[in-house]
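Input: a single structure, listed below in structure tokens.
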Amino acid sequence: MARASPEQMILLEQLRKDVLEVMHGLEDLVSFDLNIVSEVGLGLLRKSSTQRHGVTRWTRSTEGIQLETVDLHPVLLEPDWNDYARFVLFHEFLHAIGLRSHNQTFRWHEALWPDSVGPTRGVEFTDYMRMKRAKWFWVCSQCEKRYPRQRAGKGKYQCRTCRCRLEDVPIVDER
Ligand SMILES: [Zn+2]
Ligand SMILES: [Zn+2]
């Protein structure tokens, strides 16, 4: 977990407010204690995390399991990602209020989120993160698709479409 700056905390709190407002309006959530999510500490994931976009952290002790924090990816605080950020936070808040695993019940509640675009942007966000951090393109000589990556592929990978061996092109040289 990375420490949030005061500016980032303001954005996180705004997201919490927006998401809670939606959750309070969802009839199917009336049996859950939403105070849990108005009170839980919010934090940020490390910038380097590309696969995880949000996480709900728990601590285990002899008394059982306790909710600790909900962390979001810091790049989700960029205005362009607001709709996805809200959905990710909603997803984590569902964990926080007691739907701990990704089972059918969880997915059913997750589908209550009223915005239809935000929830579809996960892959786009992962690609965006990869692009931001990439030092290499793995390039397909057949279809010219470029895969942004942090490491050189050293000829070990093939194109998802054509199955051709991908060649390394350093990104610095192309700018
Ligand atoms: Zn989850
Ligand atoms: Zn290809």
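Following the order of the structure tokens, chains are lettered A, B, ..., residues in each are numbered from 1, and ligands are numbered from 1.
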Using only C-alpha atoms, determine which residues lie at most 10 Å from A:Lys154, disregarding the query and same-chain residues fewer than 2 positions distant; provide the list as number ranges by chain.
A: 138, 151-152, 156-157, 165-168
Can you tell me which residues sit at most 10 Å away from ligand 2, counting only C-alpha atoms and all ligand atoms, written as a PyMOL selection string?
chain A and resi 139-146+158-166
Find the residues near stretch 5-9 of chain A: any atom within 9 Å, counting only C-alpha atoms, skip ones fewer than 2 places away on the same chain, and give them as a list of chain:residue names.
A:Arg3, A:Leu11, A:Leu12, A:Glu13, A:Gln14, A:Leu42, A:Gly43, A:Leu44, A:Pro74, A:Leu77
Could you find all residues in stretch 4-169 of chain A that DSSP calls alpha helix (DSSP H) from the backbone, and write them as an MDAnalysis selection string?
chainID A and resid 6:24 35:39 82:96 104:110 122:133
Close residues to ligand 1 using only C-alpha atoms and all ligand atoms, limit 10 Å, as an MDAnalysis selection string:
chainID A and resid 52:56 88:96 99:103 106:107 110
Residues from last step as file, C-alpha atoms, as a compact mmCIF listing (two decimals), in the first residue's frame:
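Final output, again-v6.txt:
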# COMPACT_ATOMS: atom_id res chain seq x y z
CA ARG A 52 -4.98 -5.38 -9.52
CA HIS A 53 -7.09 -2.25 -9.72
CA GLY A 54 -8.60 -2.36 -6.26
CA VAL A 55 -8.23 -4.49 -3.16
CA THR A 56 -10.04 -4.97 0.13
CA VAL A 88 -14.03 -0.74 -8.86
CA LEU A 89 -14.79 0.95 -5.55
CA PHE A 90 -18.33 -0.44 -5.62
CA HIS A 91 -16.88 -3.91 -6.24
CA GLU A 92 -14.53 -3.54 -3.26
CA PHE A 93 -17.30 -2.14 -1.06
CA LEU A 94 -19.37 -5.25 -1.77
CA HIS A 95 -16.46 -7.30 -0.41
CA ALA A 96 -16.25 -4.96 2.58
CA LEU A 99 -19.72 -10.55 0.15
CA ARG A 100 -16.18 -11.80 0.44
CA SER A 101 -15.74 -14.17 -2.49
CA HIS A 102 -16.44 -13.83 -6.20
CA ASN A 103 -19.33 -16.27 -6.20
CA PHE A 106 -21.39 -11.55 -5.45
CA ARG A 107 -21.77 -11.28 -9.23
CA GLU A 110 -22.15 -6.45 -8.66
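You can rank A:Leu26, A:Leu72, A:Glu63, A:Gly153 by their closest distance to A:Gly41 using only C-alpha atoms, and at the top of that list sits A:Leu72.
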By how many Å are atom CA of A:Arg133 and atom CA of A:Pro119 apart?
23.3 Å
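For the atom pair formed by atom CA of A:Trp108 and atom CA of A:Asp28, the distance is 10.3 Å, given to one decimal.
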